[in-house]
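One structure below.
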Amino acid sequence: MPLPAAASHADYPDLDPRVEALVTEVIGRVADKWTMLILETLIERGELRFTQIGKAVPGISQKMLTQTLRQMERDGLLTRTVHAVVPPRVDYRLTDLGGSLAEAFCGVWLWAAANLERIDAARAAFDERRQDR
């Protein structure tokens, strides 16, 4: 049962607490910039090798890339395929679940594009008020 934008948990007292916990966890994961950038990269480019993802996501360390990919795999957002060749080759691809999550958060980019000037104006006004103090 999706919650309307203006609804709160109190409006749905019968909501399974596991759903609330999952939403909190998923928001935390997706709010992590590395997960979002990896989702975006795999949506745009499809199946990629570890090193290709690392090159496509500027600033990510190998350790953070490994940790993020592992957590995304655990959550069912991507699949990891190891090919038995020398040297070993590992490919990553979004699952349907990962693709649907990326689509769900696509609205954030649309919102940002639609509201960029308003945000910039609000920030400039705030900064100006702060300087006047």
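FYI, nothing fancy with the structure tokens labels: chains A, B, ... in order, residues from 1 per chain, ligands from 1 as they appear.
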
Original post:
Using the chain letters and numbers from this document, which residues of region 4-102 of chain A does DSSP assign to strand (DSSP E), as a list in words?
Top reply: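 Filtering region 4-102 of chain A down to strand (DSSP E) leaves Leu48, Arg49, Leu78, Thr79, Arg80, Thr81, Val82, His83, Arg89, Val90, Asp91, Tyr92, Arg93 and Leu94 of chain A.
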
Find the residues around Arg49 (chain A) up to 12 Å (only C-alpha atoms counted), leave out those fewer than 5 positions away in its own chain, and share them as a compact mmCIF listing (two decimals) with C-alpha atoms, in the first residue's frame.
```
# COMPACT_ATOMS: atom_id res chain seq x y z
CA ILE A 38 26.11 2.83 -9.62
CA THR A 41 25.68 3.86 -14.46
CA LEU A 42 24.18 0.39 -14.84
CA GLY A 54 34.93 2.05 -11.10
CA LYS A 55 35.96 4.23 -14.05
CA ALA A 56 32.38 5.39 -14.64
CA LEU A 65 32.92 0.01 -4.85
CA THR A 66 33.30 -3.55 -3.53
CA LEU A 69 28.23 -3.72 -5.05
CA THR A 79 23.53 -9.79 -10.18
CA ARG A 80 27.20 -10.68 -10.11
CA THR A 81 28.35 -13.16 -12.72
CA VAL A 82 31.80 -14.73 -12.41
CA HIS A 83 33.17 -16.14 -15.68
CA PRO A 88 38.72 -14.10 -13.93
CA ARG A 89 36.04 -11.81 -15.28
CA VAL A 90 33.15 -10.54 -13.16
CA ASP A 91 30.16 -8.76 -14.66
CA TYR A 92 27.44 -6.79 -12.87
CA ARG A 93 23.92 -6.17 -14.18
```

**OP:** Work out how far apart CA of Thr35 (chain A) and CA of Val57 (chain A) are and give it in Å to one decimal.
**Re:** 10.1 Å
